[in-house]
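Next comes start.csv, a file with CSV, C-alpha atoms.
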chain,number,residue,atom,x,y,z
T,1,LEU,CA,63.4,119.8,149.8
T,2,SER,CA,64.5,117.6,146.9
T,3,LEU,CA,61.7,115.6,145.3
T,4,GLU,CA,64.2,113.0,144.3
T,5,GLU,CA,64.9,112.4,148.0
T,6,ASN,CA,61.3,113.1,149.1
T,7,PRO,CA,58.9,112.0,146.3
T,8,CYS,CA,55.9,112.1,148.7
T,9,TYR,CA,56.5,115.8,149.6
T,10,ASN,CA,53.2,117.0,148.0
T,11,LEU,CA,51.9,120.5,148.1
T,12,LEU,CA,48.5,119.5,149.7
T,13,TYR,CA,49.8,116.4,151.6
T,14,PRO,CA,53.4,117.0,152.5
T,15,LEU,CA,54.2,113.5,153.6
T,16,LEU,CA,57.5,113.5,155.4
T,17,ALA,CA,58.6,111.0,158.0
T,18,ASP,CA,57.6,112.0,161.6
T,19,SER,CA,55.1,114.7,160.4
T,20,SER,CA,51.7,114.8,162.1
T,21,TRP,CA,48.3,116.7,162.1
T,22,THR,CA,45.5,116.9,164.7
T,23,TYR,CA,41.9,117.9,163.8
T,24,ASP,CA,38.8,118.8,165.7
T,25,VAL,CA,35.7,117.4,163.9
T,26,LEU,CA,32.1,118.3,164.5
T,27,ALA,CA,29.7,115.6,163.2
T,28,ARG,CA,26.0,115.3,164.0
T,29,GLY,CA,26.5,117.6,167.0
T,30,ASP,CA,29.4,115.6,168.5
T,31,THR,CA,33.0,116.7,168.6
T,32,TYR,CA,35.9,114.3,168.3
T,33,HIS,CA,39.5,114.3,167.2
T,34,ILE,CA,41.3,112.9,164.2
T,35,GLN,CA,45.1,112.3,164.5
T,36,MET,CA,47.1,111.8,161.3
T,37,ALA,CA,50.8,110.8,161.5
T,38,VAL,CA,53.5,109.7,159.0
T,39,PRO,CA,55.7,107.2,160.8
T,40,SER,CA,57.9,106.5,157.8
T,41,THR,CA,58.5,106.9,154.1
T,42,SER,CA,60.3,104.5,151.8
T,43,GLY,CA,61.1,105.3,148.2
T,44,THR,CA,57.8,106.2,146.5
T,45,GLN,CA,55.6,105.2,149.4
T,46,ALA,CA,54.5,106.8,152.6
T,47,GLN,CA,52.7,105.2,155.5
T,48,MET,CA,50.1,107.1,157.4
T,49,ASP,CA,48.5,106.2,160.7
T,50,LEU,CA,45.0,107.6,161.4
T,51,ALA,CA,43.1,107.5,164.7
T,52,ALA,CA,39.7,108.9,165.8
T,53,LEU,CA,39.3,109.8,169.4
T,54,PRO,CA,37.6,108.9,171.7
T,55,SER,CA,36.0,106.2,169.5
T,56,GLY,CA,39.3,104.4,169.2
T,57,PHE,CA,38.9,103.8,165.5
T,58,SER,CA,42.4,103.5,163.8
T,59,THR,CA,43.9,102.4,160.6
T,60,GLN,CA,47.1,102.6,158.6
T,61,SER,CA,47.2,103.5,154.9
T,62,SER,CA,49.8,103.7,152.2
T,63,PHE,CA,50.3,106.5,149.7
T,64,ASP,CA,51.9,105.9,146.3
T,65,CYS,CA,54.0,109.0,145.3
T,66,ASN,CA,56.1,110.2,142.4
T,67,ASN,CA,57.8,113.5,142.0
T,68,GLY,CA,55.5,115.2,144.5
T,69,GLY,CA,52.3,113.7,143.2
T,70,LEU,CA,50.0,111.3,145.1
T,71,TYR,CA,48.2,108.6,143.2
T,72,ASN,CA,45.9,106.6,145.5
T,73,LEU,CA,43.1,107.2,148.0
T,74,PRO,CA,43.9,106.1,151.5
T,75,LEU,CA,41.4,106.6,154.3
T,76,THR,CA,42.2,110.3,154.7
T,77,THR,CA,40.2,112.8,156.8
T,78,THR,CA,37.5,113.0,154.2
T,79,GLY,CA,37.2,109.2,154.2
T,80,MET,CA,37.0,109.1,157.9
T,81,LEU,CA,34.2,111.7,157.9
T,82,VAL,CA,32.3,109.7,155.3
T,83,ASN,CA,32.8,106.5,157.4
T,84,ASP,CA,31.6,108.3,160.5
T,85,ILE,CA,28.4,109.7,158.8
T,86,LEU,CA,27.6,106.3,157.2
T,87,LYS,CA,28.7,104.4,160.4
T,88,GLY,CA,30.7,101.9,158.4
T,89,THR,CA,34.1,101.0,157.0
T,90,LEU,CA,35.2,101.5,153.4
T,91,SER,CA,38.4,100.6,151.6
T,92,PHE,CA,39.6,101.9,148.2
T,93,GLN,CA,41.6,100.3,145.4
T,94,PRO,CA,43.1,102.8,143.0
T,95,VAL,CA,42.4,102.3,139.3
T,96,SER,CA,43.5,105.5,137.5
T,97,GLY,CA,44.1,109.3,138.0
T,98,GLU,CA,45.6,111.0,141.0
T,99,LEU,CA,44.7,112.1,144.5
T,100,SER,CA,46.7,115.3,144.6
T,101,PRO,CA,48.7,117.1,141.8
T,102,THR,CA,52.2,118.3,141.9
T,103,PHE,CA,53.3,121.9,142.5
T,104,ASP,CA,54.6,122.1,138.9
T,105,GLU,CA,51.2,121.0,137.6
T,106,LEU,CA,49.4,123.6,139.7
T,107,GLU,CA,51.9,126.4,138.8
T,108,ALA,CA,51.8,125.6,135.1
T,109,ALA,CA,48.0,125.9,135.2
T,110,GLY,CA,48.1,129.2,137.0
T,111,TRP,CA,46.6,127.5,140.1
T,112,TYR,CA,43.3,126.8,138.2
T,113,LEU,CA,43.4,123.1,137.8
T,114,SER,CA,41.0,120.1,138.0
T,115,TRP,CA,42.0,116.5,138.6
T,116,ASN,CA,40.3,113.2,139.3
T,117,GLY,CA,40.8,109.7,140.4
T,118,SER,CA,39.0,106.4,139.9
T,119,TYR,CA,38.8,103.7,142.5
T,120,LEU,CA,37.0,100.5,143.5
T,121,ALA,CA,35.3,100.8,146.8
T,122,SER,CA,34.3,98.0,149.1
T,123,GLY,CA,32.7,97.9,152.6
T,124,THR,CA,29.4,98.5,154.4
T,125,GLY,CA,27.7,101.3,156.2
T,126,VAL,CA,24.4,102.3,157.9
T,127,LEU,CA,22.7,105.7,157.4
T,128,HIS,CA,20.0,107.0,159.8
T,129,PHE,CA,17.6,109.6,158.4
T,130,GLN,CA,14.2,110.8,159.5
T,131,GLY,CA,13.5,107.7,161.5
T,132,ASN,CA,14.6,105.3,158.7
T,133,THR,CA,17.7,103.1,158.6
T,134,TYR,CA,19.4,102.5,155.3
T,135,SER,CA,22.1,99.8,154.9
T,136,LEU,CA,24.7,100.4,152.2
T,137,SER,CA,26.9,97.7,150.7
T,138,LEU,CA,29.8,98.2,148.2
T,139,ASN,CA,31.7,95.4,146.5
T,140,GLN,CA,34.3,96.6,144.1
T,141,ALA,CA,32.0,99.5,143.3
T,142,PRO,CA,33.3,102.2,140.9
T,143,LEU,CA,34.1,105.4,142.8
T,144,THR,CA,35.2,108.7,141.3
T,145,VAL,CA,36.7,111.7,143.1
T,146,ALA,CA,36.8,114.9,141.0
T,147,CYS,CA,38.5,118.1,142.4
T,148,GLN,CA,38.8,121.7,141.3
T,149,THR,CA,40.7,124.7,142.6
T,150,ALA,CA,38.7,127.9,143.2
T,151,GLY,CA,40.3,130.2,140.6
T,152,THR,CA,43.4,131.5,138.8
T,153,GLY,CA,46.3,133.0,140.6
T,154,GLU,CA,45.4,134.7,144.0
T,155,ALA,CA,41.7,133.9,143.4
T,156,ALA,CA,42.6,130.2,144.1
T,157,PHE,CA,43.5,131.2,147.7
T,158,GLU,CA,41.6,132.3,150.7
T,159,SER,CA,42.6,133.5,154.2
T,160,VAL,CA,41.4,130.8,156.7
T,161,THR,CA,41.5,131.2,160.4
T,162,VAL,CA,41.3,128.1,162.6
T,163,GLN,CA,42.5,127.2,166.1
T,164,ALA,CA,46.1,126.7,164.8
T,165,GLY,CA,46.2,130.2,163.3
T,166,THR,CA,45.6,132.0,160.1
T,167,PHE,CA,46.7,130.5,156.8
T,168,HIS,CA,46.9,131.6,153.1
T,169,ALA,CA,45.2,128.4,151.9
T,170,LEU,CA,44.4,126.9,148.5
T,171,LYS,CA,40.6,126.3,148.2
T,172,VAL,CA,39.6,123.1,146.6
T,173,THR,CA,36.1,121.6,146.0
T,174,CYS,CA,35.7,117.8,145.5
T,175,THR,CA,32.8,115.7,144.4
T,176,ILE,CA,32.6,112.0,145.3
T,177,ALA,CA,30.3,109.6,143.5
T,178,VAL,CA,29.9,105.8,144.0
T,179,LYS,CA,27.2,103.3,143.2
T,180,ALA,CA,26.0,101.2,146.2
T,181,THR,CA,23.4,98.7,147.1
T,182,VAL,CA,20.8,100.4,149.4
T,183,ALA,CA,18.6,98.2,151.6
T,184,MET,CA,15.6,99.2,153.8
T,185,ASN,CA,12.7,97.2,155.1
T,186,ASN,CA,13.7,94.1,153.2
T,187,TRP,CA,14.0,96.0,150.0
T,188,SER,CA,17.3,96.1,148.2
T,189,VAL,CA,18.0,98.5,145.3
T,190,THR,CA,20.9,100.0,143.5
T,191,GLY,CA,21.5,103.6,144.5
T,192,ASP,CA,24.0,106.4,144.0
T,193,VAL,CA,25.9,107.9,146.9
T,194,ASN,CA,27.2,111.5,146.2
T,195,GLY,CA,29.1,113.9,148.3
T,196,HIS,CA,30.5,117.4,147.9
T,197,PHE,CA,33.4,118.8,150.1
T,198,THR,CA,35.1,122.1,150.3
T,199,GLU,CA,38.7,121.9,151.5
T,200,TRP,CA,41.4,124.4,152.3
T,201,TYR,CA,45.1,123.5,152.1
T,202,ALA,CA,48.1,125.6,153.4
T,203,PRO,CA,50.9,124.9,150.8
T,204,TYR,CA,53.3,122.3,152.2
T,205,ILE,CA,51.5,122.4,155.6
T,206,GLY,CA,48.5,120.4,154.7
T,207,LEU,CA,44.7,120.4,155.2
T,208,VAL,CA,43.6,123.2,157.6
T,209,LYS,CA,39.8,123.1,157.1
T,210,LEU,CA,37.2,120.8,155.6
T,211,LEU,CA,33.5,121.2,155.2
T,212,PRO,CA,31.2,118.5,153.9
T,213,ASP,CA,28.7,120.6,151.9
T,214,TRP,CA,26.3,117.7,151.3
T,215,ILE,CA,26.1,113.9,151.1
T,216,TYR,CA,23.0,112.2,149.8
T,217,VAL,CA,21.8,108.8,148.7
T,218,THR,CA,19.5,108.4,145.7
T,219,SER,CA,17.6,105.2,144.9
T,220,ARG,CA,17.0,104.7,141.2
T,221,LEU,CA,14.0,102.4,141.9
T,222,PHE,CA,12.0,104.7,144.2
T,223,GLY,CA,13.6,108.0,143.2
T,224,PHE,CA,14.1,109.2,146.8
T,225,ALA,CA,17.0,111.4,147.9
T,226,VAL,CA,18.4,111.3,151.4
T,227,SER,CA,20.3,114.4,152.5
T,228,VAL,CA,22.8,114.3,155.3
T,229,ALA,CA,23.3,117.4,157.4
T,230,ASN,CA,26.5,119.4,157.0
T,231,SER,CA,29.4,118.8,159.4
T,232,GLY,CA,32.9,120.3,159.4
T,233,GLY,CA,36.4,119.9,160.8
T,234,ASP,CA,39.1,122.5,161.7
T,235,LEU,CA,42.8,121.9,162.2
T,236,VAL,CA,43.8,122.3,165.8
If you took the structure in this file and wrote it as structure tokens, what would it be?
Amino acid sequence: LSLEENPCYNLLYPLLADSSWTYDVLARGDTYHIQMAVPSTSGTQAQMDLAALPSGFSTQSSFDCNNGGLYNLPLTTTGMLVNDILKGTLSFQPVSGELSPTFDELEAAGWYLSWNGSYLASGTGVLHFQGNTYSLSLNQAPLTVACQTAGTGEAAFESVTVQAGTFHALKVTCTIAVKATVAMNNWSVTGDVNGHFTEWYAPYIGLVKLLPDWIYVTSRLFGFAVSVANSGGDLV
């Protein structure tokens, strides 16, 4: 496909009008579904509808694209998993960097490439851990997403089998870091929220598997770390 006519046709997120994906997600022992669909594209933007079932949570996001690269962080599958774990709603305003590189950038690097994006995050969430409840609040908080492929050439790819079949998939690890206000028992302190995800993408098909390796909150005042149990999602 011509990138001049389809600037949002990205290797990891091939955003073409009328394309869609459905995922099964296991989080905290519960299974639910995430549906992602692209109802339309226009110039260098693509609209994406996301819905989580049976909770009924839904949202619409916009991607900014150019020559096959994506440059902002809508509420994608990773964001929906974070929102589910934290029981809240987050929004992201792009500042710099990119969400997903182009095919040319990956090929020129021999498939061994790192990229990052900077955003401002806003919203609230609640984290339950070991009988305690932690309230998180973000107001234009700096958030970074740093991603890295697994290796050079064929070492960057793994064979991944999910319900939809077996895919020759690009393995990517991403680290998310954001500063947040953490409140518990009338105490309010500044804390760091960090997460690490492993993701597998079938080229020009999309995300086929995602595993949150860890998510934790660290309070600078008390020095405690709260770890969140792993959960994962497979493409159906």
Contacts of stretch 135-189 of chain T with stretch 121-125 of chain T up to 7 Å, shortest pair per row, all atoms listed in the file, as a tab-separated table:
residue	atom	partner	partner_atom	distance
T:Ser135	CA	T:Gly125	CA	5.9
T:Leu136	CA	T:Gly125	CA	5.1
T:Ser137	CA	T:Thr124	CA	4.5
T:Leu138	CA	T:Ser122	CA	4.6
T:Asn139	CA	T:Ser122	CA	4.5
T:Gln140	CA	T:Ala121	CA	5.1
T:Ala141	CA	T:Ala121	CA	5.0
T:Pro142	CA	T:Ala121	CA	6.4
T:Leu143	CA	T:Ala121	CA	6.2
Note to self: So that I can see what lies close to T:Leu15, please list as a list in words the residues with an atom at most 8 Å from it, counting only C-alpha atoms and leaving out residues fewer than 3 positions away in the same chain.
What the structure shows: Cys8, Tyr9, Asn10, Ser19, Val38, Thr41 and Ala46 of chain T
Distance query stretch 103-117 of chain T at most 6 Å, all atoms listed in the file, self and fewer than 6 positions along chain excluded, as a CSV table (one decimal) with C-alpha atoms, in the coordinates of the input:
chain,number,residue,atom,x,y,z
T,11,LEU,CA,51.9,120.5,148.1
T,96,SER,CA,43.5,105.5,137.5
T,97,GLY,CA,44.1,109.3,138.0
T,144,THR,CA,35.2,108.7,141.3
T,145,VAL,CA,36.7,111.7,143.1
T,146,ALA,CA,36.8,114.9,141.0
T,147,CYS,CA,38.5,118.1,142.4
T,148,GLN,CA,38.8,121.7,141.3
T,149,THR,CA,40.7,124.7,142.6
T,151,GLY,CA,40.3,130.2,140.6
T,152,THR,CA,43.4,131.5,138.8
T,153,GLY,CA,46.3,133.0,140.6
Next item on the list: Find the spatial neighbours of T:Ser20, counting all atoms listed in the file, within a cut-off of 8 Å - ignore same-chain residues fewer than 2 positions away - and output them as a ChimeraX atom specification.
Entry: /T:18,22,35-38
Margin query: What's the separation between atom CA of T:Leu70 and atom CA of T:Tyr13, in Å to one decimal place?
Written below: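 That distance, rounded to one decimal, is 8.3 Å.
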Next item on the list: Calculate how many Å separate atom CA of T:Thr161 from atom CA of T:Val208, rounding to one decimal.
Entry: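 Straight-line distance from atom CA of T:Thr161 to atom CA of T:Val208 works out to 8.7 Å.
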Item checked: Pick from T:Leu207, T:Asp213, T:Ala202, T:Ala150 nearest to T:Thr175, counting all atoms listed in the file ->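 Ranked by minimum distance to T:Thr175, first place goes to T:Asp213.
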Next item on the list: Could you please determine the separation between atom CA of T:Lys171 and atom CA of T:Gly69 in Å, to one decimal place?
Entry: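 Result for atom CA of T:Lys171 versus atom CA of T:Gly69: 17.9 Å, one decimal.
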